[in-house]
Amino acid sequence: MSWFKRKDKKIKDSEKKSIPDGLWDKCPSCNEILYRPELEKNLSVCHHCNHHFRVTPQVYVDLLLDSESEIHLFQNLESEDFLKFNAGKKYHQQIVAAKTKTGEKDAIKVYDGQINGESVILAIMNFQFIGGSMGSVVGEAVSRAIQKAAELKVPFLLVCASGGARMQEGAISLMQLAKTSTNLAKFAKNGGLYIPILTDPTTGGVTASYGMLGDIILAEPGALIGFAGPRVIKQTIGQDLPKGFQRSEFLLEKGFIDHIVSRSEMKEKISTLISLLT
């Protein structure tokens with residue numbers, strides 16, 4: 001019996017090409033493996049199926065506002081643990097963890113800036129900060145942004161991304177629905193233009209208040225938009241839900257939103273709307 005013996009030491013069975021971590025993403029819609037630098041160049045949109053990945057507020061700042069036109073407003077607003085809320089984790093600890101994770105003070109940022117030369121007030125929510133939940137800071141920031149837009153007589157734009165009201169603040173978070181809605185009603189009565197841009201996901205108290213109170217309601221492709229989640233609705237009514245239920249395409253068909261706009265076209269579409277409506 002003869003045995004094969006490898007004599008060439010240049011060949012190594014254990015040699016493998018190492019792939020650095022963090023360079024690849026998998027599209028949740030089409031399962032395509034995407035090279036992250038190329039994905040980011042494409043505004044975090046899958047070039048195979050047009051799936052819009054969730055992104056940070058800075059992406060929308062760079063995408064929408066003219067270069068060096070932005071002024072960051074209301075930077076002193078921070079959440080407090082009014083109720084000393086304690087569940088699996090203390091609310092105070094959740095705030096600290098979210099600040100560390102995102103580098104932000106809360107789930108929203110507000111800017112004074114320009115879009116193709118048109119002055120606007122732009123607010124952007126951050127889903128990475130406790131699910132973009134709407135607490136006292138988010139409600140106060142939105143209200144101040146509306147008032148600032150009214151004072152400057154410019155349109156108000158809001159990029160929505162939220163799981164709803166922040167339960168850790170109890171009734172205080174629910175009060176933000178009335179607070180923001182009242183300010184928007186005054187803004188509209190005085191002729192102000194308000195355009196919300198609904199991204200994935202926009203749910204709960206944000207959908208029930210300023211998310212759906214726009215003069216023109218825009219949404220990104222495939223965004224989950226609704227009040228209660230589809231799983232909760234299915235369990236409640238005991239029936240299967242229609243295909244694509246609560247996605248932006250379904251809502252456009254039913255008349256809940258006015259237009260679906262991809263990130264690559266967003267700045268030009270918004271600029272056109274502003275020039276037509278102001």
# chains A, B, ... in the order shown; residues from 1 in each chain; ligands from 1
$ residues_around --residues "Lys267 in chain A" --least-positions-apart "3" --cutoff "12 Å" --atoms "only C-alpha atoms" --output "NGL selection string"
:A and (60-66 or 114-118 or 157 or 197 or 218 or 261-264 or 270-274)
$ residues_around --residues "Pro28 in chain A" --least-positions-apart "2" --cutoff "12 Å" --atoms "only C-alpha atoms" --output "list of chain:residue names"
A:Asp25, A:Lys26, A:Cys30, A:Asn31, A:Glu32, A:Ile33, A:Leu34, A:Val45, A:Cys46, A:His48, A:Cys49, A:Asn50, A:His51, A:His52, A:Phe53, A:Arg54, A:Gly222
$ residues_around --residues "range 91-97 of chain A" --least-positions-apart "6" --cutoff "8 Å" --atoms "only C-alpha atoms" --output "list of chain:residue names"
A:Ser79, A:Glu80, A:Asp81, A:Lys84, A:Phe85, A:Ile130, A:Gln168
$ write_last_selection --atoms "N, CA and C atoms" --output "PDB file, in the first residue's frame"
ATOM      1  N   SER A  79     -32.788  64.441  28.229  1.00  0.00           N
ATOM      2  CA  SER A  79     -33.839  63.730  28.965  1.00  0.00           C
ATOM      3  C   SER A  79     -33.501  63.600  30.443  1.00  0.00           C
ATOM      4  N   GLU A  80     -34.558  63.559  31.256  1.00  0.00           N
ATOM      5  CA  GLU A  80     -34.414  63.313  32.691  1.00  0.00           C
ATOM      6  C   GLU A  80     -35.346  62.182  33.105  1.00  0.00           C
ATOM      7  N   ASP A  81     -34.952  61.495  34.157  1.00  0.00           N
ATOM      8  CA  ASP A  81     -35.767  60.388  34.674  1.00  0.00           C
ATOM      9  C   ASP A  81     -36.763  60.932  35.690  1.00  0.00           C
ATOM     10  N   LYS A  84     -38.357  58.158  37.917  1.00  0.00           N
ATOM     11  CA  LYS A  84     -37.451  57.140  38.491  1.00  0.00           C
ATOM     12  C   LYS A  84     -37.886  55.755  38.008  1.00  0.00           C
ATOM     13  N   PHE A  85     -38.114  55.670  36.712  1.00  0.00           N
ATOM     14  CA  PHE A  85     -38.675  54.455  36.104  1.00  0.00           C
ATOM     15  C   PHE A  85     -37.668  53.310  36.176  1.00  0.00           C
ATOM     16  N   ILE A 130     -32.753  54.728  21.826  1.00  0.00           N
ATOM     17  CA  ILE A 130     -33.936  54.127  22.471  1.00  0.00           C
ATOM     18  C   ILE A 130     -35.098  54.017  21.480  1.00  0.00           C
ATOM     19  N   GLN A 168     -41.055  55.021  29.318  1.00  0.00           N
ATOM     20  CA  GLN A 168     -40.345  55.294  30.566  1.00  0.00           C
ATOM     21  C   GLN A 168     -40.689  56.659  31.151  1.00  0.00           C
TER      22      GLN A 168
END
$ closest_residue --among "A:Tyr111, A:Phe227, A:Phe250, A:Tyr210" --to "Lys148 in chain A" --atoms "only C-alpha atoms"
A:Tyr111
$ atom_distance --atom1 "CA of Lys243 in chain A" --atom2 "CA of Pro196 in chain A"
25.1 Å
$ select_by_dssp --residues "range 74-188 of chain A" --states "alpha helix (DSSP H)" --output "VMD selection string"
chain A and resid 91 to 102 136 to 152 171 to 188
$ write_last_selection --atoms "C-alpha atoms" --output "PDB file, in the first residue's frame"
ATOM      1  CA  TYR A  91     -34.340  54.528  32.675  1.00  0.00           C
ATOM      2  CA  HIS A  92     -31.371  56.634  33.748  1.00  0.00           C
ATOM      3  CA  GLN A  93     -29.066  53.782  32.734  1.00  0.00           C
ATOM      4  CA  GLN A  94     -30.842  53.448  29.382  1.00  0.00           C
ATOM      5  CA  ILE A  95     -30.270  57.156  28.677  1.00  0.00           C
ATOM      6  CA  VAL A  96     -26.571  56.881  29.526  1.00  0.00           C
ATOM      7  CA  ALA A  97     -26.212  53.749  27.344  1.00  0.00           C
ATOM      8  CA  ALA A  98     -28.010  55.446  24.413  1.00  0.00           C
ATOM      9  CA  LYS A  99     -25.806  58.542  24.702  1.00  0.00           C
ATOM     10  CA  THR A 100     -22.697  56.361  24.697  1.00  0.00           C
ATOM     11  CA  LYS A 101     -23.924  54.304  21.732  1.00  0.00           C
ATOM     12  CA  THR A 102     -24.985  57.205  19.505  1.00  0.00           C
ATOM     13  CA  SER A 136     -40.235  65.134  26.631  1.00  0.00           C
ATOM     14  CA  VAL A 137     -37.079  66.152  24.746  1.00  0.00           C
ATOM     15  CA  VAL A 138     -38.363  65.029  21.342  1.00  0.00           C
ATOM     16  CA  GLY A 139     -41.694  66.789  21.925  1.00  0.00           C
ATOM     17  CA  GLU A 140     -39.971  69.970  23.098  1.00  0.00           C
ATOM     18  CA  ALA A 141     -37.494  69.942  20.199  1.00  0.00           C
ATOM     19  CA  VAL A 142     -40.274  69.460  17.620  1.00  0.00           C
ATOM     20  CA  SER A 143     -42.338  72.247  19.220  1.00  0.00           C
ATOM     21  CA  ARG A 144     -39.382  74.638  19.269  1.00  0.00           C
ATOM     22  CA  ALA A 145     -38.557  73.738  15.655  1.00  0.00           C
ATOM     23  CA  ILE A 146     -42.129  74.560  14.575  1.00  0.00           C
ATOM     24  CA  GLN A 147     -42.000  77.880  16.438  1.00  0.00           C
ATOM     25  CA  LYS A 148     -38.623  78.692  14.881  1.00  0.00           C
ATOM     26  CA  ALA A 149     -39.952  77.939  11.385  1.00  0.00           C
ATOM     27  CA  ALA A 150     -42.949  80.208  12.091  1.00  0.00           C
ATOM     28  CA  GLU A 151     -40.681  82.982  13.347  1.00  0.00           C
ATOM     29  CA  LEU A 152     -38.443  82.796  10.268  1.00  0.00           C
ATOM     30  CA  ALA A 171     -48.060  60.311  30.695  1.00  0.00           C
ATOM     31  CA  ILE A 172     -45.403  62.960  30.054  1.00  0.00           C
ATOM     32  CA  SER A 173     -44.548  61.253  26.766  1.00  0.00           C
ATOM     33  CA  LEU A 174     -48.228  61.037  25.781  1.00  0.00           C
ATOM     34  CA  MET A 175     -48.607  64.770  26.369  1.00  0.00           C
ATOM     35  CA  GLN A 176     -46.137  65.364  23.525  1.00  0.00           C
ATOM     36  CA  LEU A 177     -48.766  64.209  21.000  1.00  0.00           C
ATOM     37  CA  ALA A 178     -51.078  67.063  21.976  1.00  0.00           C
ATOM     38  CA  LYS A 179     -48.226  69.544  22.383  1.00  0.00           C
ATOM     39  CA  THR A 180     -46.726  68.987  18.924  1.00  0.00           C
ATOM     40  CA  SER A 181     -50.111  68.688  17.204  1.00  0.00           C
ATOM     41  CA  THR A 182     -51.269  72.010  18.710  1.00  0.00           C
ATOM     42  CA  ASN A 183     -48.122  73.776  17.549  1.00  0.00           C
ATOM     43  CA  LEU A 184     -48.545  72.340  14.043  1.00  0.00           C
ATOM     44  CA  ALA A 185     -52.173  73.488  13.921  1.00  0.00           C
ATOM     45  CA  LYS A 186     -51.075  77.057  14.745  1.00  0.00           C
ATOM     46  CA  PHE A 187     -48.273  76.811  12.171  1.00  0.00           C
ATOM     47  CA  ALA A 188     -50.694  75.651   9.462  1.00  0.00           C
TER      48      ALA A 188
END
$ select_by_dssp --residues "range 98-260 of chain A" --states "strand (DSSP E or B)" --output "VMD selection string"
chain A and resid 108 to 115 118 to 125 134 156 to 162 165 194 to 202 218 to 219 224 to 225 247 259 to 260
